[in-house]
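The data block below is data_16.cif; it holds mmCIF, C-alpha atoms.
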```
data_model
#
loop_
_atom_site.label_atom_id
_atom_site.label_comp_id
_atom_site.auth_asym_id
_atom_site.auth_seq_id
_atom_site.Cartn_x
_atom_site.Cartn_y
_atom_site.Cartn_z
CA MET B 1 0.00 0.00 0.00
CA ARG B 2 1.36 3.43 -1.00
CA ILE B 3 1.47 5.97 1.85
CA SER B 4 0.46 9.48 0.80
CA TRP B 5 2.51 12.19 2.55
CA LEU B 6 -0.15 14.91 2.92
CA PRO B 7 -2.77 12.87 4.85
CA THR B 8 0.04 11.39 6.97
CA VAL B 9 1.47 14.83 7.86
CA ALA B 10 -2.03 16.27 8.44
CA GLY B 11 -3.07 13.34 10.66
CA ALA B 12 0.17 13.58 12.67
CA ALA B 13 -0.29 17.37 13.06
CA VAL B 14 -3.88 16.96 14.30
CA LEU B 15 -2.77 14.21 16.71
CA GLY B 16 0.05 16.48 17.94
CA THR B 17 -2.46 19.31 18.46
CA VAL B 18 -4.78 17.08 20.48
CA ILE B 19 -1.88 15.84 22.65
CA ARG B 20 -0.64 19.41 23.23
CA ALA B 21 -4.18 20.66 24.02
CA ALA B 22 -4.86 17.76 26.40
CA PHE B 23 -1.56 17.47 28.27
CA PHE B 24 0.58 20.56 27.68
CA THR B 25 -1.90 23.47 27.70
CA PRO B 26 -3.13 24.89 31.03
CA LEU B 27 -6.77 24.98 32.04
CA GLU B 28 -8.64 28.29 31.83
CA ALA B 29 -9.40 29.94 35.19
CA LYS B 30 -13.22 30.10 34.97
CA GLN B 31 -14.21 27.46 32.40
CA GLY B 32 -12.01 24.52 33.36
CA ALA B 33 -11.55 21.69 30.84
CA ALA B 34 -14.48 22.74 28.60
CA GLN B 35 -12.39 25.70 27.35
CA LYS B 36 -10.15 23.17 25.55
CA ILE B 37 -12.99 22.68 23.06
CA PHE B 38 -11.69 26.05 21.78
CA TYR B 39 -8.73 24.24 20.09
CA ILE B 40 -11.04 22.15 17.93
CA HIS B 41 -14.04 24.50 17.52
CA VAL B 42 -12.19 27.62 16.34
CA PRO B 43 -9.87 25.93 13.77
CA SER B 44 -12.83 23.93 12.41
CA ALA B 45 -14.76 27.21 11.94
CA TRP B 46 -11.72 28.83 10.25
CA VAL B 47 -11.38 25.88 7.87
CA ALA B 48 -15.13 25.88 7.10
CA PHE B 49 -14.94 29.57 6.13
CA LEU B 50 -11.79 28.96 4.06
CA ALA B 51 -13.46 26.00 2.31
CA PHE B 52 -16.60 27.96 1.36
CA PHE B 53 -14.58 31.01 0.33
CA LEU B 54 -12.56 28.80 -2.03
CA VAL B 55 -15.82 27.26 -3.34
CA ALA B 56 -16.94 30.79 -4.27
CA VAL B 57 -13.60 31.66 -5.90
CA ALA B 58 -13.47 28.41 -7.91
CA SER B 59 -17.15 28.78 -8.86
CA GLY B 60 -16.66 32.37 -10.02
CA VAL B 61 -13.69 31.41 -12.19
CA TYR B 62 -15.61 28.36 -13.46
CA LEU B 63 -18.47 30.58 -14.68
CA TRP B 64 -15.85 32.59 -16.57
CA ILE B 65 -13.64 29.93 -18.18
CA ARG B 66 -15.82 26.75 -17.82
CA ASP B 67 -12.97 24.45 -16.83
CA PRO B 68 -14.44 21.25 -15.26
CA ARG B 69 -11.45 20.98 -12.90
CA LEU B 70 -12.68 24.12 -11.13
CA ASP B 71 -16.13 22.58 -10.74
CA ARG B 72 -14.56 19.44 -9.28
CA PHE B 73 -12.51 21.53 -6.87
CA ALA B 74 -15.60 23.53 -5.79
CA GLU B 75 -17.56 20.30 -5.28
CA SER B 76 -14.72 18.86 -3.17
CA SER B 77 -14.20 21.97 -1.07
CA ALA B 78 -17.96 22.31 -0.41
CA GLU B 79 -18.25 18.75 0.87
CA VAL B 80 -15.19 19.14 3.12
CA GLY B 81 -16.57 22.50 4.34
CA VAL B 82 -19.83 20.82 5.33
CA VAL B 83 -17.88 18.24 7.38
CA PHE B 84 -15.98 20.99 9.22
CA THR B 85 -19.16 23.04 9.77
CA THR B 86 -20.84 19.94 11.22
CA VAL B 87 -18.02 19.72 13.77
CA VAL B 88 -18.44 23.44 14.55
CA LEU B 89 -22.18 22.96 15.10
CA ILE B 90 -21.61 20.01 17.46
CA THR B 91 -18.61 21.26 19.44
CA GLY B 92 -20.11 24.76 19.91
CA PRO B 93 -23.19 23.59 21.83
CA LEU B 94 -21.07 21.14 23.87
CA TRP B 95 -18.89 24.08 24.92
CA ALA B 96 -21.91 26.36 25.45
CA LYS B 97 -23.80 24.07 27.83
CA PRO B 98 -21.43 24.24 30.83
CA ILE B 99 -20.55 27.91 30.20
CA TRP B 100 -23.85 29.55 29.11
CA GLY B 101 -26.15 26.97 30.72
CA THR B 102 -27.80 26.05 27.40
CA TYR B 103 -26.79 24.15 24.28
CA TRP B 104 -28.44 26.51 21.79
CA ALA B 105 -30.28 29.84 21.55
CA TRP B 106 -32.49 30.41 18.51
CA TRP B 107 -32.28 34.19 18.92
CA ASP B 108 -28.47 34.15 18.69
CA VAL B 109 -27.59 35.40 15.20
CA ARG B 110 -24.08 33.86 15.15
CA LEU B 111 -25.41 30.40 15.94
CA VAL B 112 -28.40 30.47 13.61
CA SER B 113 -26.52 32.04 10.67
CA THR B 114 -23.85 29.32 10.98
CA LEU B 115 -26.63 26.72 10.84
CA PHE B 116 -28.00 28.47 7.70
CA LEU B 117 -24.52 28.28 6.14
CA TRP B 118 -24.51 24.52 6.79
CA PHE B 119 -27.99 24.19 5.20
CA ILE B 120 -26.92 26.15 2.11
CA TYR B 121 -23.95 23.88 1.41
CA VAL B 122 -25.92 20.72 2.22
CA SER B 123 -28.40 22.03 -0.40
CA TYR B 124 -25.43 22.54 -2.75
CA ILE B 125 -24.54 18.84 -2.40
CA VAL B 126 -28.19 17.78 -2.83
CA LEU B 127 -28.52 20.02 -5.91
CA ARG B 128 -25.47 18.40 -7.50
CA GLY B 129 -27.04 14.99 -7.04
CA ALA B 130 -30.34 16.12 -8.56
CA VAL B 131 -29.10 17.60 -11.87
CA GLU B 132 -28.02 15.03 -14.49
CA SER B 133 -26.44 17.29 -17.11
CA PRO B 134 -22.81 17.97 -16.03
CA ALA B 135 -22.76 21.47 -17.59
CA LEU B 136 -26.07 22.52 -15.97
CA ARG B 137 -25.05 20.94 -12.64
CA ALA B 138 -21.78 22.88 -12.64
CA ARG B 139 -23.49 26.17 -13.57
CA TYR B 140 -26.33 25.93 -11.01
CA SER B 141 -24.04 24.82 -8.21
CA ALA B 142 -21.49 27.55 -9.04
CA VAL B 143 -24.19 30.20 -8.54
CA LEU B 144 -25.29 28.63 -5.22
CA GLY B 145 -21.65 28.24 -4.14
CA ILE B 146 -21.02 31.96 -4.67
CA LEU B 147 -24.26 33.10 -2.98
CA GLY B 148 -23.67 30.86 0.05
CA ALA B 149 -20.25 32.36 0.69
CA LEU B 150 -21.82 35.84 1.00
CA LEU B 151 -22.99 34.69 4.45
CA ILE B 152 -19.39 34.33 5.72
CA PRO B 153 -18.63 38.06 6.38
CA PHE B 154 -22.10 38.41 7.94
CA ILE B 155 -21.40 35.50 10.32
CA HIS B 156 -18.01 36.98 11.24
CA LEU B 157 -19.48 40.44 11.91
CA SER B 158 -22.68 39.19 13.58
CA VAL B 159 -21.12 39.37 17.06
CA TYR B 160 -20.47 43.10 16.51
CA LEU B 161 -23.82 43.88 14.85
CA PHE B 162 -26.18 42.02 17.21
CA ALA B 163 -26.49 41.17 20.89
CA THR B 164 -25.29 37.55 20.99
CA MET B 165 -24.20 35.07 23.64
CA HIS B 166 -21.33 34.05 21.39
CA PRO B 167 -18.14 35.88 22.48
CA MET B 168 -16.34 38.38 20.27
CA PRO B 169 -13.14 37.19 18.55
CA ILE B 170 -10.29 36.51 20.97
CA VAL B 171 -7.60 36.36 18.28
CA GLY B 172 -9.04 37.53 14.92
CA LYS B 173 -9.42 41.19 15.93
CA PRO B 174 -7.49 44.45 15.44
CA SER B 175 -6.04 44.50 19.00
CA ALA B 176 -3.67 41.93 20.57
CA PRO B 177 -5.01 38.41 21.30
CA SER B 178 -6.61 38.23 24.75
CA LEU B 179 -5.30 34.88 25.90
CA PRO B 180 -2.07 33.64 27.53
CA ILE B 181 0.85 32.69 25.28
CA GLU B 182 0.56 28.93 26.11
CA MET B 183 -3.04 28.92 24.87
CA LEU B 184 -2.20 31.10 21.85
CA MET B 185 0.55 28.68 20.74
CA THR B 186 -1.85 25.71 20.96
CA LEU B 187 -4.44 27.65 18.98
CA LEU B 188 -1.90 28.54 16.26
CA LEU B 189 -0.80 24.90 16.06
CA SER B 190 -4.43 23.81 15.75
CA LEU B 191 -5.07 26.35 12.97
CA VAL B 192 -2.10 25.00 10.99
CA SER B 193 -2.93 21.32 11.57
CA PHE B 194 -6.63 21.64 10.68
CA THR B 195 -5.74 23.65 7.56
CA LEU B 196 -3.42 20.81 6.53
CA LEU B 197 -6.26 18.36 7.20
CA TYR B 198 -8.51 20.46 4.91
CA PHE B 199 -5.99 20.28 2.06
CA ALA B 200 -5.53 16.53 2.59
CA PHE B 201 -9.29 15.95 2.46
CA VAL B 202 -9.82 18.23 -0.55
CA ARG B 203 -6.97 16.65 -2.50
CA SER B 204 -8.36 13.17 -1.89
CA ARG B 205 -11.94 14.27 -2.69
CA TYR B 206 -10.78 16.06 -5.86
CA ARG B 207 -8.94 12.95 -7.05
CA TYR B 208 -12.02 10.85 -6.33
CA ALA B 209 -14.15 13.26 -8.42
CA GLY B 210 -11.67 13.02 -11.31
CA GLU B 211 -11.58 9.19 -11.17
CA ARG B 212 -15.41 9.07 -10.95
CA ASP B 213 -15.83 11.36 -13.98
CA ALA B 214 -13.23 9.38 -15.96
CA ALA B 215 -15.05 6.10 -15.12
CA ALA B 216 -18.38 7.66 -16.21
CA ALA B 217 -16.80 8.83 -19.49
CA ARG B 218 -15.42 5.32 -20.12
CA ARG B 219 -18.85 3.78 -19.50
CA GLU B 220 -20.46 6.27 -21.88
CA HIS B 221 -17.81 5.57 -24.54
CA ASN B 222 -18.31 1.81 -24.28
CA ALA B 223 -22.13 2.01 -24.35
CA MET K 224 -9.17 33.90 28.87
CA ARG K 225 -6.94 33.69 31.92
CA LEU K 226 -4.68 31.18 33.67
CA PRO K 227 -5.88 29.97 37.09
CA GLN K 228 -4.37 31.61 40.18
CA GLU K 229 -3.45 29.93 43.47
CA GLY K 230 -6.61 28.83 45.30
CA ASN K 231 -8.90 29.10 42.23
CA THR K 232 -11.71 26.59 42.14
CA MET K 233 -12.72 25.50 38.65
CA PRO K 234 -15.91 23.71 37.63
CA ASP K 235 -15.55 20.10 36.48
CA THR K 236 -16.51 20.43 32.80
CA SER K 237 -14.28 17.61 31.54
CA ALA K 238 -17.21 15.43 30.36
CA TYR K 239 -18.15 18.05 27.73
CA TYR K 240 -14.52 18.39 26.65
CA HIS K 241 -14.07 14.62 26.25
CA LEU K 242 -17.36 14.24 24.40
CA ALA K 243 -16.59 17.14 22.00
CA TYR K 244 -13.13 15.77 21.14
CA THR K 245 -14.44 12.22 20.70
CA ILE K 246 -17.24 13.31 18.34
CA ALA K 247 -15.09 15.76 16.34
CA LEU K 248 -12.17 13.37 15.84
CA GLY K 249 -14.64 10.57 15.09
CA ILE K 250 -16.27 12.67 12.34
CA TYR K 251 -12.91 13.54 10.77
CA ALA K 252 -11.72 9.90 10.92
CA ALA K 253 -15.01 8.63 9.46
CA TYR K 254 -14.86 11.18 6.63
CA GLY K 255 -11.24 10.28 5.85
CA LEU K 256 -12.19 6.60 5.75
CA SER K 257 -15.21 7.32 3.52
CA LEU K 258 -12.94 9.12 1.03
CA TYR K 259 -10.53 6.18 0.99
CA LEU K 260 -13.37 3.68 0.43
CA ARG K 261 -15.04 5.78 -2.28
CA ARG K 262 -11.78 6.06 -4.22
CA LYS K 263 -11.15 2.34 -3.84
CA ARG K 264 -14.65 1.56 -5.16
CA VAL K 265 -14.42 3.90 -8.17
CA ARG K 266 -10.99 2.49 -9.12
CA ALA K 267 -12.41 -1.04 -9.05
CA LYS K 268 -15.06 -0.13 -11.64
#
```

Go ahead and render the structure in this file as structure tokens.
Amino acid sequence: MRISWLPTVAGAAVLGTVIRAAFFTPLEAKQGAAQKIFYIHVPSAWVAFLAFFLVAVASGVYLWIRDPRLDRFAESSAEVGVVFTTVVLITGPLWAKPIWGTYWAWWDVRLVSTLFLWFIYVSYIVLRGAVESPALRARYSAVLGILGALLIPFIHLSVYLFATMHPMPIVGKPSAPSLPIEMLMTLLLSLVSFTLLYFAFVRSRYRYAGERDAAAARREHNA
Amino acid sequence: MRLPQEGNTMPDTSAYYHLAYTIALGIYAAYGLSLYLRRKRVRAK
């Protein structure tokens, strides 16, 4: 069996992040162990935003030059983004319960708009399965992929625009990060390792899409 | 976010932490495995 370097490096980096978060990062003064969900929740959210942003970029360029490789990349990045958003939507409530006293608040714009983002890209995947013509499928899903990504800046700014339970950014803000250096280092490691995991997943998913399309073309040629 | 000081008492929230990590890592592992199996299946066709 051939070992692929990117998934191996990404898996080792994620494992290293988990070990550092569990055994070499101090507990937070008020939240205790639940705060360590931070090192999996925040990088998953960052990767989800990156994934959907790249869907929009690839979709926009696809509509311009109609290269099927861009459609395959958008399809791959959208599916991986949905996986990361699912983790965000599960780890967030598990962190919220011991800290806020509730798993979910329907009035909280950050929470609900993130759920909407998940629904949009699940719809994107469903849409792709429902349209048979490859050219139409690519065009329709490119439009949805671009429109869905418009929600990303709104989600990021929602904590400034509305009264939410969700805290304001601790790191991604104009002023200095408001957390101790030990925690910041673990967060930076987690951002790098989960980004590597995104690229490993997308590369594998993109190759699968290429092999699937080639197999479909062969079947059509033989028929 | 702050480091605990001497004499701080922290709530025991470790069950949520363990559950969140188990589910998240389980989802990523399952997705990685699903990609591997899908590619294996399409190559066999």

Out of B:Phe201, B:Tyr160, B:Trp46, B:Phe38, which residue has the shortest atom-to-atom distance to Ala243 of chain K when counting all atoms listed in the file?
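Under the stated criterion, the closest residue is B:Phe38.
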
Give me, as number ranges by chain, the residues of chain B touching chain K, with the criterion being at most 6 Å (counting all atoms listed in the file).
B: 28-30, 32-34, 37, 87, 91, 94, 179, 208, 212

In Å, with one decimal, what is the gap from atom CA of Ser44 of chain B to atom CA of Asp67 of chain B?
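Pair atom CA of Ser44 of chain B / atom CA of Asp67 of chain B returns 29.2 Å.
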
When distances are computed from all atoms listed in the file, which of B:Leu111, B:Pro7, B:His156, B:Asn222 shows the smallest separation from Leu256 of chain K?
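Checking each candidate against Leu256 of chain K, we get B:Pro7 as the closest.
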
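Here atom CA of Leu191 of chain B stands at a distance of 20.2 Å from atom CA of Leu157 of chain B.
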
Atom-to-atom span, atom CA of Ser76 of chain B and atom CA of Leu89 of chain B, Å
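It comes out at 20.2 Å.
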
Given all atoms listed in the file as the counted atoms, nearest of B:Thr25, B:Thr85, B:Ser158, B:Ser4 to Leu50 of chain B:
B:Thr85

Since I can't run it myself right now, could you work out what the PyMOL selection byres ((chain B and resi 114-120) around 7) selects here and report it as a PyMOL selection string?
chain B and resi 82+85+110-113+121-124+148+151+155

Residues picked by the PyMOL selection byres ((chain B and resi 195) around 10) here, as a PyMOL selection string?
chain B and resi 10+13-14+43-44+46-48+50-51+189-194+196-201

Next, write the just-selected residues to a file, as a PDB file, keeping the file's coordinate frame, keeping C-alpha atoms as the atom set.
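Written out: part_7.pdb:
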```
ATOM      1  CA  ALA B  10      -2.030  16.270   8.440  1.00  0.00           C
ATOM      2  CA  ALA B  13      -0.290  17.370  13.060  1.00  0.00           C
ATOM      3  CA  VAL B  14      -3.880  16.960  14.300  1.00  0.00           C
ATOM      4  CA  PRO B  43      -9.870  25.930  13.770  1.00  0.00           C
ATOM      5  CA  SER B  44     -12.830  23.930  12.410  1.00  0.00           C
ATOM      6  CA  TRP B  46     -11.720  28.830  10.250  1.00  0.00           C
ATOM      7  CA  VAL B  47     -11.380  25.880   7.870  1.00  0.00           C
ATOM      8  CA  ALA B  48     -15.130  25.880   7.100  1.00  0.00           C
ATOM      9  CA  LEU B  50     -11.790  28.960   4.060  1.00  0.00           C
ATOM     10  CA  ALA B  51     -13.460  26.000   2.310  1.00  0.00           C
ATOM     11  CA  LEU B 189      -0.800  24.900  16.060  1.00  0.00           C
ATOM     12  CA  SER B 190      -4.430  23.810  15.750  1.00  0.00           C
ATOM     13  CA  LEU B 191      -5.070  26.350  12.970  1.00  0.00           C
ATOM     14  CA  VAL B 192      -2.100  25.000  10.990  1.00  0.00           C
ATOM     15  CA  SER B 193      -2.930  21.320  11.570  1.00  0.00           C
ATOM     16  CA  PHE B 194      -6.630  21.640  10.680  1.00  0.00           C
ATOM     17  CA  LEU B 196      -3.420  20.810   6.530  1.00  0.00           C
ATOM     18  CA  LEU B 197      -6.260  18.360   7.200  1.00  0.00           C
ATOM     19  CA  TYR B 198      -8.510  20.460   4.910  1.00  0.00           C
ATOM     20  CA  PHE B 199      -5.990  20.280   2.060  1.00  0.00           C
ATOM     21  CA  ALA B 200      -5.530  16.530   2.590  1.00  0.00           C
ATOM     22  CA  PHE B 201      -9.290  15.950   2.460  1.00  0.00           C
TER      23      PHE B 201
END
```

For segment 84-117 of chain B, write N, CA and C atoms out as a compact mmCIF listing (two decimals), in the first residue's frame.
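Generated file (decode.txt):
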```txt
# COMPACT_ATOMS: atom_id res chain seq x y z
N PHE B 84 -16.54 20.12 8.19
CA PHE B 84 -15.98 20.99 9.22
C PHE B 84 -17.07 21.82 9.92
N THR B 85 -18.07 22.27 9.15
CA THR B 85 -19.16 23.04 9.77
C THR B 85 -19.98 22.15 10.71
N THR B 86 -20.13 20.88 10.34
CA THR B 86 -20.84 19.94 11.22
C THR B 86 -20.12 19.85 12.56
N VAL B 87 -18.79 19.77 12.52
CA VAL B 87 -18.02 19.72 13.77
C VAL B 87 -18.20 21.01 14.57
N VAL B 88 -18.22 22.15 13.87
CA VAL B 88 -18.44 23.44 14.55
C VAL B 88 -19.79 23.43 15.26
N LEU B 89 -20.81 22.92 14.56
CA LEU B 89 -22.18 22.96 15.10
C LEU B 89 -22.39 21.94 16.23
N ILE B 90 -21.51 20.97 16.35
CA ILE B 90 -21.61 20.01 17.46
C ILE B 90 -20.74 20.45 18.64
N THR B 91 -19.50 20.88 18.34
CA THR B 91 -18.61 21.26 19.44
C THR B 91 -19.04 22.58 20.11
N GLY B 92 -19.65 23.47 19.34
CA GLY B 92 -20.11 24.76 19.91
C GLY B 92 -21.11 24.55 21.03
N PRO B 93 -22.23 23.84 20.76
CA PRO B 93 -23.19 23.59 21.83
C PRO B 93 -22.60 22.82 23.02
N LEU B 94 -21.67 21.88 22.75
CA LEU B 94 -21.07 21.14 23.87
C LEU B 94 -20.19 22.05 24.73
N TRP B 95 -19.65 23.09 24.15
CA TRP B 95 -18.89 24.08 24.92
C TRP B 95 -19.87 25.05 25.61
N ALA B 96 -20.96 25.37 24.92
CA ALA B 96 -21.91 26.36 25.45
C ALA B 96 -22.62 25.86 26.71
N LYS B 97 -22.97 24.58 26.73
CA LYS B 97 -23.80 24.07 27.83
C LYS B 97 -23.21 24.35 29.22
N PRO B 98 -21.94 23.97 29.47
CA PRO B 98 -21.43 24.24 30.83
C PRO B 98 -21.12 25.72 31.09
N ILE B 99 -20.96 26.52 30.01
CA ILE B 99 -20.55 27.91 30.20
C ILE B 99 -21.77 28.85 30.19
N TRP B 100 -22.67 28.68 29.22
CA TRP B 100 -23.85 29.55 29.11
C TRP B 100 -25.07 28.94 29.81
N GLY B 101 -25.01 27.64 30.08
CA GLY B 101 -26.15 26.97 30.72
C GLY B 101 -27.16 26.43 29.71
N THR B 102 -26.89 26.58 28.43
CA THR B 102 -27.80 26.05 27.40
C THR B 102 -26.98 25.62 26.18
N TYR B 103 -27.51 24.61 25.47
CA TYR B 103 -26.79 24.15 24.28
C TYR B 103 -26.94 25.12 23.11
N TRP B 104 -28.13 25.75 23.01
CA TRP B 104 -28.44 26.51 21.79
C TRP B 104 -29.38 27.65 22.12
N ALA B 105 -29.32 28.74 21.40
CA ALA B 105 -30.28 29.84 21.55
C ALA B 105 -30.72 30.26 20.15
N TRP B 106 -32.01 30.11 19.87
CA TRP B 106 -32.49 30.41 18.51
C TRP B 106 -32.44 31.89 18.18
N TRP B 107 -32.35 32.75 19.19
CA TRP B 107 -32.28 34.19 18.92
C TRP B 107 -30.84 34.64 18.64
N ASP B 108 -29.86 33.75 18.86
CA ASP B 108 -28.47 34.15 18.69
C ASP B 108 -28.09 34.11 17.20
N VAL B 109 -27.80 35.29 16.64
CA VAL B 109 -27.59 35.40 15.20
C VAL B 109 -26.36 34.61 14.75
N ARG B 110 -25.29 34.59 15.54
CA ARG B 110 -24.08 33.86 15.15
C ARG B 110 -24.38 32.37 15.00
N LEU B 111 -25.11 31.83 15.95
CA LEU B 111 -25.41 30.40 15.94
C LEU B 111 -26.32 30.04 14.77
N VAL B 112 -27.40 30.81 14.63
CA VAL B 112 -28.40 30.47 13.61
C VAL B 112 -27.85 30.72 12.20
N SER B 113 -27.07 31.79 12.02
CA SER B 113 -26.52 32.04 10.67
C SER B 113 -25.49 30.97 10.29
N THR B 114 -24.79 30.42 11.28
CA THR B 114 -23.85 29.32 10.98
C THR B 114 -24.64 28.07 10.56
N LEU B 115 -25.77 27.85 11.23
CA LEU B 115 -26.63 26.72 10.84
C LEU B 115 -27.16 26.92 9.41
N PHE B 116 -27.52 28.17 9.07
CA PHE B 116 -28.00 28.47 7.70
C PHE B 116 -26.90 28.17 6.68
N LEU B 117 -25.65 28.55 7.04
CA LEU B 117 -24.52 28.28 6.14
C LEU B 117 -24.42 26.79 5.87
```
